[in-house]
Structures are given as structure tokens and as C-alpha cells.
$ cat entry.cif   # mmCIF, C-alpha atoms
data_model
#
loop_
_atom_site.label_atom_id
_atom_site.label_comp_id
_atom_site.auth_asym_id
_atom_site.auth_seq_id
_atom_site.Cartn_x
_atom_site.Cartn_y
_atom_site.Cartn_z
CA MET X 1143 25.81 47.94 -47.61
CA ILE X 1144 24.76 44.81 -45.71
CA ASP X 1145 27.39 43.26 -43.46
CA TYR X 1146 26.87 39.65 -44.47
CA ILE X 1147 29.56 38.17 -42.24
CA ASN X 1148 27.87 39.76 -39.21
CA LYS X 1149 24.74 37.74 -39.98
CA PHE X 1150 26.60 34.62 -38.87
CA ARG X 1151 27.56 36.14 -35.51
CA LEU X 1152 25.72 35.05 -32.35
CA GLU X 1153 26.72 37.68 -29.80
CA LYS X 1154 24.17 38.23 -27.01
CA LYS X 1155 22.51 34.91 -27.87
CA VAL X 1156 21.89 32.14 -25.35
CA ALA X 1157 22.17 28.63 -26.79
CA LEU X 1158 21.20 25.36 -25.13
CA VAL X 1159 22.88 22.26 -26.55
CA CYS X 1160 21.29 19.04 -25.34
CA GLY X 1161 23.81 16.23 -25.71
CA GLY X 1162 26.66 18.71 -25.87
CA LEU X 1163 29.32 16.26 -24.70
CA GLY X 1164 28.94 13.80 -27.57
CA LEU X 1165 30.90 13.45 -30.80
CA LEU X 1166 28.80 16.09 -32.57
CA GLY X 1167 27.67 18.00 -29.50
CA ARG X 1168 31.17 19.05 -28.46
CA GLU X 1169 31.98 20.56 -31.85
CA ILE X 1170 28.57 22.22 -32.08
CA SER X 1171 29.05 23.79 -28.65
CA ILE X 1172 32.51 25.07 -29.57
CA ALA X 1173 31.28 26.45 -32.89
CA LEU X 1174 28.33 28.29 -31.34
CA ALA X 1175 30.58 29.75 -28.64
CA GLN X 1176 33.19 30.85 -31.20
CA ALA X 1177 30.38 32.63 -33.06
CA GLY X 1178 29.72 34.60 -29.86
CA ALA X 1179 26.90 32.73 -28.11
CA LYS X 1180 26.72 31.89 -24.43
CA VAL X 1181 26.40 28.12 -24.60
CA ILE X 1182 24.83 25.95 -21.93
CA ILE X 1183 25.60 22.28 -22.42
CA LEU X 1184 22.95 19.89 -21.13
CA ASP X 1185 24.32 16.39 -20.56
CA ILE X 1186 24.63 13.67 -17.95
CA SER X 1187 28.33 13.27 -17.11
CA ASP X 1188 29.61 15.67 -14.43
CA ASP X 1189 33.25 14.61 -14.86
CA LEU X 1190 33.28 15.10 -18.62
CA GLY X 1191 31.08 18.19 -18.46
CA LEU X 1192 33.09 20.11 -15.89
CA SER X 1193 36.36 19.13 -17.58
CA PHE X 1194 35.09 20.32 -20.96
CA GLN X 1195 33.75 23.53 -19.42
CA GLU X 1196 37.15 24.28 -17.90
CA GLU X 1197 38.93 23.49 -21.18
CA CYS X 1198 36.65 25.83 -23.14
CA GLN X 1199 36.83 28.65 -20.61
CA LYS X 1200 40.63 28.55 -20.80
CA SER X 1201 40.13 29.26 -24.50
CA LYS X 1202 37.85 32.17 -23.54
CA LEU X 1203 34.72 30.43 -24.82
CA SER X 1204 31.50 31.04 -22.91
CA ILE X 1205 30.46 27.43 -22.28
CA ILE X 1206 28.71 26.24 -19.12
CA TYR X 1207 27.88 22.64 -18.26
CA LYS X 1208 24.58 21.76 -16.56
CA LYS X 1209 23.62 18.23 -15.59
CA PHE X 1210 20.49 17.13 -17.42
CA ASP X 1211 19.07 13.63 -17.81
CA ILE X 1212 17.08 13.46 -21.02
CA ALA X 1213 15.75 10.05 -19.91
CA ASN X 1214 13.81 11.74 -17.10
CA LEU X 1215 10.79 13.46 -18.60
CA SER X 1216 9.11 14.12 -15.24
CA ASN X 1217 10.68 17.52 -14.57
CA TYR X 1218 11.93 18.81 -17.91
CA LYS X 1219 9.56 21.81 -17.86
CA GLU X 1220 10.86 23.02 -14.52
CA ILE X 1221 14.49 22.59 -15.60
CA LEU X 1222 14.05 24.46 -18.88
CA THR X 1223 12.05 27.23 -17.22
CA GLY X 1224 14.76 27.57 -14.58
CA LEU X 1225 17.52 27.77 -17.18
CA ASN X 1226 15.52 30.32 -19.15
CA GLN X 1227 15.28 32.53 -16.05
CA GLU X 1228 18.81 31.92 -14.79
CA GLN X 1229 20.77 32.29 -18.02
CA GLY X 1230 18.53 34.70 -19.88
CA PRO X 1231 15.87 34.00 -22.51
CA ILE X 1232 16.81 31.06 -24.72
CA ASP X 1233 17.56 32.12 -28.31
CA ILE X 1234 18.91 28.86 -29.73
CA PHE X 1235 18.11 25.27 -28.88
CA VAL X 1236 20.03 22.37 -30.39
CA ASN X 1237 19.11 18.78 -29.52
CA VAL X 1238 21.81 16.35 -30.60
CA ALA X 1239 21.39 13.92 -27.69
CA TYR X 1240 21.50 10.23 -28.59
CA PRO X 1241 20.46 8.13 -25.56
CA ARG X 1242 19.71 4.44 -26.17
CA THR X 1243 19.33 1.08 -24.49
CA ALA X 1244 22.03 -1.57 -24.19
CA ASP X 1245 20.27 -3.76 -26.77
CA TRP X 1246 19.90 -0.91 -29.26
CA LEU X 1247 21.76 -2.79 -31.99
CA ASN X 1248 19.62 -5.93 -31.95
CA GLU X 1249 18.36 -7.13 -35.31
CA ILE X 1250 14.73 -6.30 -36.03
CA GLU X 1251 13.54 -9.86 -35.40
CA ASP X 1252 15.09 -9.76 -31.91
CA ILE X 1253 13.58 -6.47 -30.73
CA LYS X 1254 11.56 -6.70 -27.53
CA ILE X 1255 8.49 -4.52 -27.06
CA ASP X 1256 9.75 -2.92 -23.86
CA SER X 1257 13.06 -2.06 -25.54
CA TRP X 1258 11.28 -0.48 -28.51
CA GLN X 1259 9.06 1.57 -26.21
CA ARG X 1260 12.00 2.68 -24.08
CA ASN X 1261 13.98 3.90 -27.08
CA ILE X 1262 10.97 5.79 -28.39
CA ASP X 1263 10.75 7.53 -25.01
CA LEU X 1264 14.50 8.19 -24.85
CA GLN X 1265 14.83 9.68 -28.32
CA LEU X 1266 11.56 10.57 -30.03
CA ASN X 1267 9.36 11.60 -27.12
CA SER X 1268 12.11 13.51 -25.36
CA ALA X 1269 13.08 15.38 -28.55
CA CYS X 1270 9.51 16.39 -29.32
CA LEU X 1271 8.61 17.43 -25.78
CA LEU X 1272 11.81 19.40 -25.23
CA ALA X 1273 11.50 21.25 -28.55
CA LYS X 1274 7.85 22.03 -27.85
CA GLU X 1275 8.66 23.42 -24.42
CA VAL X 1276 11.53 25.58 -25.70
CA ALA X 1277 9.34 26.93 -28.51
CA GLN X 1278 6.71 27.92 -25.96
CA LEU X 1279 9.33 29.65 -23.80
CA MET X 1280 10.54 31.56 -26.86
CA LYS X 1281 6.99 32.61 -27.66
CA ASN X 1282 6.31 33.71 -24.07
CA ASN X 1283 9.52 35.76 -24.05
CA ASN X 1284 8.89 37.21 -27.50
CA VAL X 1285 12.15 35.68 -28.72
CA LYS X 1286 12.48 35.06 -32.45
CA GLY X 1287 14.59 32.00 -31.82
CA SER X 1288 16.01 29.05 -33.70
CA ILE X 1289 15.36 25.40 -32.78
CA ILE X 1290 17.53 22.78 -34.45
CA ASN X 1291 16.50 19.16 -34.04
CA PHE X 1292 18.64 16.33 -35.34
CA GLY X 1293 17.28 13.84 -37.82
CA SER X 1294 19.35 11.61 -40.08
CA ILE X 1295 19.65 10.42 -43.65
CA TYR X 1296 17.80 7.33 -42.39
CA GLY X 1297 14.84 9.44 -41.35
CA VAL X 1298 14.51 10.34 -45.04
CA VAL X 1299 15.56 7.24 -46.98
CA ALA X 1300 15.74 3.54 -46.19
CA PRO X 1301 18.97 2.01 -44.88
CA THR X 1302 21.37 0.41 -47.33
CA PHE X 1303 21.95 -2.87 -45.53
CA ASP X 1304 24.71 -4.26 -47.71
CA ILE X 1305 27.22 -1.73 -46.31
CA TYR X 1306 26.82 -3.37 -42.88
CA LYS X 1307 27.58 -6.90 -44.03
CA ASP X 1308 30.58 -8.67 -42.51
CA ASN X 1309 31.80 -5.67 -40.50
CA HIS X 1310 30.18 -6.21 -37.08
CA LEU X 1311 27.78 -3.31 -37.58
CA THR X 1312 24.05 -3.15 -38.05
CA PHE X 1313 21.33 -0.55 -38.27
CA PRO X 1314 18.61 -0.28 -35.57
CA ALA X 1315 15.01 -0.44 -36.80
CA ALA X 1316 13.77 2.04 -34.19
CA TYR X 1317 16.21 4.65 -35.49
CA SER X 1318 14.28 5.05 -38.75
CA ALA X 1319 10.99 5.46 -36.91
CA ILE X 1320 12.49 7.91 -34.43
CA LYS X 1321 14.30 10.11 -36.93
CA GLY X 1322 11.38 10.15 -39.34
CA GLY X 1323 9.15 11.24 -36.47
CA ILE X 1324 11.54 14.00 -35.38
CA ILE X 1325 11.72 15.33 -38.93
CA ASN X 1326 7.97 15.59 -39.31
CA PHE X 1327 7.40 16.97 -35.81
CA SER X 1328 9.96 19.69 -36.57
CA LYS X 1329 7.83 20.69 -39.56
CA TYR X 1330 4.77 20.76 -37.30
CA LEU X 1331 6.50 23.08 -34.82
CA ALA X 1332 7.78 25.28 -37.65
CA SER X 1333 4.23 25.70 -38.90
CA TYR X 1334 2.70 26.25 -35.47
CA TYR X 1335 5.25 28.77 -34.18
CA GLY X 1336 6.28 30.40 -37.46
CA GLY X 1337 3.88 33.28 -36.93
CA PHE X 1338 5.83 34.20 -33.79
CA GLY X 1339 9.13 34.40 -35.69
CA ILE X 1340 10.41 31.11 -34.29
CA ARG X 1341 12.30 28.96 -36.77
CA VAL X 1342 12.44 25.18 -36.44
CA ASN X 1343 14.64 23.08 -38.69
CA CYS X 1344 15.84 19.50 -38.70
CA LEU X 1345 19.49 18.93 -39.53
CA CYS X 1346 20.11 15.50 -41.02
CA PRO X 1347 23.71 14.29 -40.99
CA GLY X 1348 25.04 11.49 -43.09
CA GLY X 1349 27.62 9.06 -41.77
CA ILE X 1350 30.29 10.69 -39.60
CA ILE X 1351 33.79 9.29 -39.36
CA ASN X 1352 34.34 7.84 -35.89
CA ASN X 1353 36.86 4.99 -35.86
CA GLN X 1354 34.64 2.61 -37.83
CA GLU X 1355 36.04 -0.48 -39.48
CA GLU X 1356 37.86 0.19 -42.75
CA LYS X 1357 35.56 -2.12 -44.70
CA PHE X 1358 32.51 -0.17 -43.57
CA ILE X 1359 34.14 3.19 -44.32
CA SER X 1360 35.07 2.04 -47.82
CA SER X 1361 31.58 0.70 -48.54
CA TYR X 1362 29.94 3.84 -47.20
CA GLU X 1363 32.17 6.29 -49.03
CA LYS X 1364 31.49 4.70 -52.40
CA ARG X 1365 27.83 5.69 -52.05
CA THR X 1366 28.36 9.40 -51.42
CA LEU X 1367 28.81 11.99 -54.13
CA LEU X 1368 31.86 13.39 -52.34
CA ASN X 1369 33.38 9.91 -51.87
CA ARG X 1370 33.93 10.29 -48.13
CA MET X 1371 32.25 10.29 -44.75
CA GLY X 1372 31.47 13.51 -42.94
CA LYS X 1373 33.37 15.20 -40.11
CA PRO X 1374 31.89 16.52 -36.83
CA GLU X 1375 33.05 20.05 -37.64
CA GLU X 1376 31.02 20.02 -40.87
CA ILE X 1377 27.87 19.35 -38.87
CA ALA X 1378 28.86 22.09 -36.41
CA SER X 1379 29.26 24.63 -39.23
CA ALA X 1380 25.81 23.84 -40.60
CA THR X 1381 24.35 24.19 -37.09
CA VAL X 1382 25.84 27.66 -36.68
CA PHE X 1383 24.31 28.66 -40.01
CA LEU X 1384 20.83 27.48 -39.04
CA ALA X 1385 21.14 29.16 -35.64
CA SER X 1386 22.19 32.50 -37.11
CA ASN X 1387 20.43 35.36 -38.86
CA ALA X 1388 22.10 34.19 -42.07
CA ALA X 1389 19.31 31.57 -42.10
CA SER X 1390 16.55 34.03 -41.12
CA TYR X 1391 14.21 32.89 -43.92
CA ILE X 1392 14.80 29.17 -43.43
CA THR X 1393 12.31 27.16 -41.39
CA GLY X 1394 10.56 23.81 -41.63
CA THR X 1395 13.42 22.35 -43.64
CA THR X 1396 15.01 18.94 -43.62
CA PHE X 1397 18.55 20.22 -43.94
CA MET X 1398 20.72 17.50 -45.42
CA VAL X 1399 24.44 17.48 -44.56
CA ASP X 1400 25.29 14.13 -46.07
CA GLY X 1401 27.84 14.48 -48.84
CA GLY X 1402 25.09 13.82 -51.38
CA TRP X 1403 24.00 10.44 -49.95
CA THR X 1404 20.26 11.17 -50.30
CA SER X 1405 20.62 12.68 -53.79
CA ILE X 1406 21.04 9.33 -55.50
#

$ encode --input "entry.cif" --output "C-alpha cells"
Amino acid sequence: MIDYINKFRLEKKVALVCGGLGLLGREISIALAQAGAKVIILDISDDLGLSFQEECQKSKLSIIYKKFDIANLSNYKEILTGLNQEQGPIDIFVNVAYPRTADWLNEIEDIKIDSWQRNIDLQLNSACLLAKEVAQLMKNNNVKGSIINFGSIYGVVAPTFDIYKDNHLTFPAAYSAIKGGIINFSKYLASYYGGFGIRVNCLCPGGIINNQEEKFISSYEKRTLLNRMGKPEEIASATVFLASNAASYITGTTFMVDGGWTSI
């Protein structure tokens, strides 16, 4: 008889979580560690990273913080290769980093070319290059690994602008281009590396509750089938599934975790 629960376990797996100190990254890191993985968080804040590492280790979770600047693409190969050698072959790579410029929320008519180019570098180019490099390391080490990139509902469908009216929020134009690009590049990697047993999927969250204005929350929730926004732990649970052998026949997918937003 197959032990189905064991398929979700991640013992003896090494997981890198890029952006592991963010709203989603923290819960994803905890969830992967609770499933048994050794988790290496890649992020930019030493104070937050070391504090979170200590907090998790007190709870007997195998979580290590490593400083990593996703904005610096000059030495990412050396860093990933070093981590692969130091921590053991990488089995799982999750990229949930969300770097952006100070003018990220400008309306489309106010976007400057240099700002657009910088955000493409920060989010799209970094995501694609990092995932490509990890896939190659997995191939070289004969690891049948799992790569989980992060897209969004707005990489799949157009924004609904009326939910942003009169609530001091907006939706960045570059975000749609970036997330759409990440989704399709994930499919490319899944096709290219599938023959080596490497799975690549793109998890696409819907709106996550995070102290937004009540008017926005109400407008957003009315458009989901479940009549609510998502929670970070729901994204973390889906990430563990895609990372695990329970998802061993799933690759190249755009995995929607959106409360039904994109269904209607």
C-alpha cells in the first residue's frame, strides 16, 4: 500500500527560498522546514534574517539565512554554485522575491524608461536567470528537483482597475509584463529540462490579505468565488505540494491559488 502522506515529506531535501523574509517567503520557508527540508533563505536584510533564523532554530526548524542581493546579477552563478557545494545539491528552488524601485506604483503614463528597465532587471531578468542556473545545477548533479517560480493572477488576466479606485492603491504596468514573462519562461524551462526529471512550475497567487484598506478588501473579495482574500499560509501549503513528490507528475503548469479569481 502506498504511503501517500509520506509523499508530502521533504526529508533530506535542500531548499533555497529567494525572498524568504517577505510576507509569503517567511511562511513558505517555515512550511518547507516543517515538511523536513533544510531551508536556506536568500535575502538582503542581515538583521531580519539572523533574527528569523534564530527564531526558527529555537522551534527546531532547519532554516539558515544567507545574504543575497537579487539586484546584483554579476555574481549570481558563483553564489549559487557555492551554496550548492556548501549545503549539498539543491533539490528545491523557490523564488518569491519582489524587489522594485521607489516609483514602482506610478501610473502608466508617468513611467520613465529607466524605471521600467530597472524593474525588468530586478524582477523578470533575475527570476529567469536564477531559475535557469538552478536547473542547470540540478541537471549537473543528476537531481530530479523542483523549481517554483512566482507569477500572479495578473500575469494571466488583465487587472480590474475599478477595485483600486478611491483607495490610494494602483496597479503597476510593469507587473503584468514581468509576471506574464515569468509564467512563460517557466514553461520553457519545464520543457527544456523535463527530460532530466526536473519539474518547473509557476505558482500564481491571488490577492493576499496584508493590512489593505477596508474598501479595497471589500471590492476585491466580491470578485472571488470564495468571497475573501488569500492568506500567506495558503500559498505556503501549495508551495510544499509543488515541491514534494506528491506533485511528481506536475510540471509546466500555471498553478492558480486565487480563490477562483481567474475562473470568472

$ atom_distance --input "entry.cif" --atom1 "atom CA of Lys1357 of chain X" --atom2 "atom CA of Glu1251 of chain X"
25.1 Å

$ resolve_selection --input "entry.cif" --expression "the PyMOL selection byres ((chain X and resi 1233) around 6)" --output "compact mmCIF listing (two decimals) with C-alpha atoms, in the frame of the given file"
# COMPACT_ATOMS: atom_id res chain seq x y z
CA LYS X 1155 22.51 34.91 -27.87
CA VAL X 1156 21.89 32.14 -25.35
CA ALA X 1157 22.17 28.63 -26.79
CA ILE X 1232 16.81 31.06 -24.72
CA ILE X 1234 18.91 28.86 -29.73
CA GLY X 1287 14.59 32.00 -31.82

$ closest_atom_pairs --input "entry.cif" --of "segment 1278-1370 of chain X" --to "segment 1165-1176 of chain X" --cutoff "12 Å" --atoms "all atoms listed in the file" --output "CSV"
residue,atom,partner,partner_atom,distance
X:Ile1290,CA,X:Ile1170,CA,11.3
X:Phe1292,CA,X:Leu1166,CA,10.5
X:Leu1345,CA,X:Leu1166,CA,12.0
X:Pro1347,CA,X:Leu1166,CA,10.0
X:Gly1349,CA,X:Leu1166,CA,11.6
X:Ile1350,CA,X:Leu1166,CA,9.0
X:Ile1351,CA,X:Leu1165,CA,9.9
X:Asn1352,CA,X:Leu1165,CA,8.3
X:Asn1353,CA,X:Leu1165,CA,11.5

$ resolve_selection --input "entry.cif" --expression "the PyMOL selection byres ((chain X and resi 1405) around 12)" --output "PyMOL selection string"
chain X and resi 1295+1298-1299+1348+1365-1368+1398-1404+1406

$ residues_around --input "entry.cif" --residues "Ala1389 of chain X" --least-positions-apart "5" --cutoff "9 Å" --atoms "only C-alpha atoms" --output "ChimeraX atom specification"
/X:1149-1150,1383-1384

$ closest_residue --input "entry.cif" --among "X:Leu1158, X:Ala1269, X:Glu1197, X:Ile1250" --to "Gln1229 of chain X" --atoms "all atoms listed in the file"
X:Leu1158

$ atom_distance --input "entry.cif" --atom1 "atom CA of Val1342 of chain X" --atom2 "atom CA of Ser1328 of chain X"
6.0 Å

$ residues_around --input "entry.cif" --residues "Glu1153 of chain X" --least-positions-apart "2" --cutoff "6 Å" --atoms "only C-alpha atoms" --output "NGL selection string"
:X and (1151 or 1155 or 1178-1179)

$ closest_residue --input "entry.cif" --among "X:Asn1237, X:Gln1265, X:Gln1259, X:Thr1312" --to "Asp1185 of chain X" --atoms "all atoms listed in the file"
X:Asn1237

$ residues_around --input "entry.cif" --residues "Ile1182 of chain X" --least-positions-apart "3" --cutoff "7 Å" --atoms "only C-alpha atoms" --output "list in words"
Ala1157, Leu1158, Val1159, Ile1205, Ile1206, Tyr1207 and Lys1208 of chain X

$ closest_residue --input "entry.cif" --among "X:Asn1343, X:Ala1315, X:Ala1332, X:Asn1369" --to "Ile1253 of chain X" --atoms "all atoms listed in the file"
X:Ala1315

$ atom_distance --input "entry.cif" --atom1 "atom CA of Asn1284 of chain X" --atom2 "atom CA of Gly1336 of chain X"
12.3 Å

$ closest_residue --input "entry.cif" --among "X:Asn1248, X:Ser1333, X:Ile1324, X:Ile1340" --to "Met1280 of chain X" --atoms "all atoms listed in the file"
X:Ile1340

$ closest_residue --input "entry.cif" --among "X:Thr1381, X:Gln1354, X:Asn1387, X:Asn1282" --to "Tyr1306 of chain X" --atoms "all atoms listed in the file"
X:Gln1354

$ residues_near_point --input "entry.cif" --point "(10.0, 6.9, -34.0)" --cutoff "10 Å" --atoms "all atoms listed in the file" --output "CSV table (one decimal) with C-alpha atoms, in the coordinates of the input"
chain,number,residue,atom,x,y,z
X,1258,TRP,CA,11.3,-0.5,-28.5
X,1259,GLN,CA,9.1,1.6,-26.2
X,1261,ASN,CA,14.0,3.9,-27.1
X,1262,ILE,CA,11.0,5.8,-28.4
X,1263,ASP,CA,10.8,7.5,-25.0
X,1265,GLN,CA,14.8,9.7,-28.3
X,1266,LEU,CA,11.6,10.6,-30.0
X,1267,ASN,CA,9.4,11.6,-27.1
X,1297,GLY,CA,14.8,9.4,-41.4
X,1315,ALA,CA,15.0,-0.4,-36.8
X,1316,ALA,CA,13.8,2.0,-34.2
X,1317,TYR,CA,16.2,4.6,-35.5
X,1318,SER,CA,14.3,5.0,-38.8
X,1319,ALA,CA,11.0,5.5,-36.9
X,1320,ILE,CA,12.5,7.9,-34.4
X,1321,LYS,CA,14.3,10.1,-36.9
X,1322,GLY,CA,11.4,10.2,-39.3
X,1323,GLY,CA,9.2,11.2,-36.5
X,1324,ILE,CA,11.5,14.0,-35.4
X,1325,ILE,CA,11.7,15.3,-38.9

$ decode --input "entry.cif" --residues "segment 1258-1324 of chain X" --atoms "C-alpha atoms" --output "short mmCIF file (atom, residue, chain, number, x, y, z; two decimals), in the first residue's frame"
data_model
loop_
_atom_site.label_atom_id
_atom_site.label_comp_id
_atom_site.auth_asym_id
_atom_site.auth_seq_id
_atom_site.Cartn_x
_atom_site.Cartn_y
_atom_site.Cartn_z
CA TRP X 1258 10.80 50.32 -16.49
CA GLN X 1259 14.15 48.82 -17.47
CA ARG X 1260 15.32 48.64 -13.86
CA ASN X 1261 12.20 46.80 -12.72
CA ILE X 1262 12.52 44.34 -15.60
CA ASP X 1263 16.07 43.63 -14.43
CA LEU X 1264 15.07 43.39 -10.77
CA GLN X 1265 12.16 41.01 -11.26
CA LEU X 1266 11.97 39.37 -14.68
CA ASN X 1267 15.62 39.02 -15.64
CA SER X 1268 16.71 37.96 -12.18
CA ALA X 1269 13.93 35.35 -11.92
CA CYS X 1270 14.71 33.84 -15.31
CA LEU X 1271 18.49 33.78 -14.86
CA LEU X 1272 18.34 32.35 -11.34
CA ALA X 1273 15.88 29.61 -12.32
CA LYS X 1274 17.97 28.72 -15.36
CA GLU X 1275 21.13 28.45 -13.29
CA VAL X 1276 19.49 26.30 -10.62
CA ALA X 1277 18.03 24.00 -13.29
CA GLN X 1278 21.49 23.55 -14.77
CA LEU X 1279 22.95 22.76 -11.33
CA MET X 1280 20.21 20.17 -10.80
CA LYS X 1281 20.98 18.62 -14.17
CA ASN X 1282 24.73 18.53 -13.49
CA ASN X 1283 24.12 16.87 -10.11
CA ASN X 1284 21.56 14.44 -11.50
CA VAL X 1285 18.95 15.86 -9.13
CA LYS X 1286 15.31 15.41 -10.09
CA GLY X 1287 14.41 18.70 -8.49
CA SER X 1288 11.51 21.11 -8.29
CA ILE X 1289 11.70 24.79 -9.27
CA ILE X 1290 8.80 27.01 -8.25
CA ASN X 1291 8.66 30.48 -9.74
CA PHE X 1292 6.06 33.01 -8.67
CA GLY X 1293 3.69 34.55 -11.16
CA SER X 1294 0.39 36.22 -10.34
CA ILE X 1295 -3.23 36.35 -11.39
CA TYR X 1296 -2.18 39.49 -13.29
CA GLY X 1297 0.29 37.50 -15.34
CA VAL X 1298 -2.72 35.55 -16.63
CA VAL X 1299 -5.58 38.05 -16.81
CA ALA X 1300 -5.81 41.82 -17.07
CA PRO X 1301 -6.12 43.95 -13.94
CA THR X 1302 -9.55 45.00 -12.76
CA PHE X 1303 -8.91 48.70 -12.26
CA ASP X 1304 -12.18 49.65 -10.61
CA ILE X 1305 -11.19 47.87 -7.37
CA TYR X 1306 -8.33 50.38 -6.99
CA LYS X 1307 -10.48 53.49 -7.28
CA ASP X 1308 -10.56 55.89 -4.33
CA ASN X 1309 -8.45 53.71 -2.02
CA HIS X 1310 -4.92 55.06 -2.57
CA LEU X 1311 -3.84 51.93 -4.43
CA THR X 1312 -2.92 51.30 -8.03
CA PHE X 1313 -1.56 48.51 -10.16
CA PRO X 1314 1.90 48.77 -11.81
CA ALA X 1315 2.00 48.25 -15.57
CA ALA X 1316 5.39 46.52 -15.47
CA TYR X 1317 3.98 43.87 -13.12
CA SER X 1318 1.80 42.39 -15.86
CA ALA X 1319 4.71 42.22 -18.29
CA ILE X 1320 7.02 40.73 -15.67
CA LYS X 1321 4.65 38.08 -14.34
CA GLY X 1322 3.49 37.08 -17.81
CA GLY X 1323 7.14 36.66 -18.80
CA ILE X 1324 7.95 34.56 -15.73
#
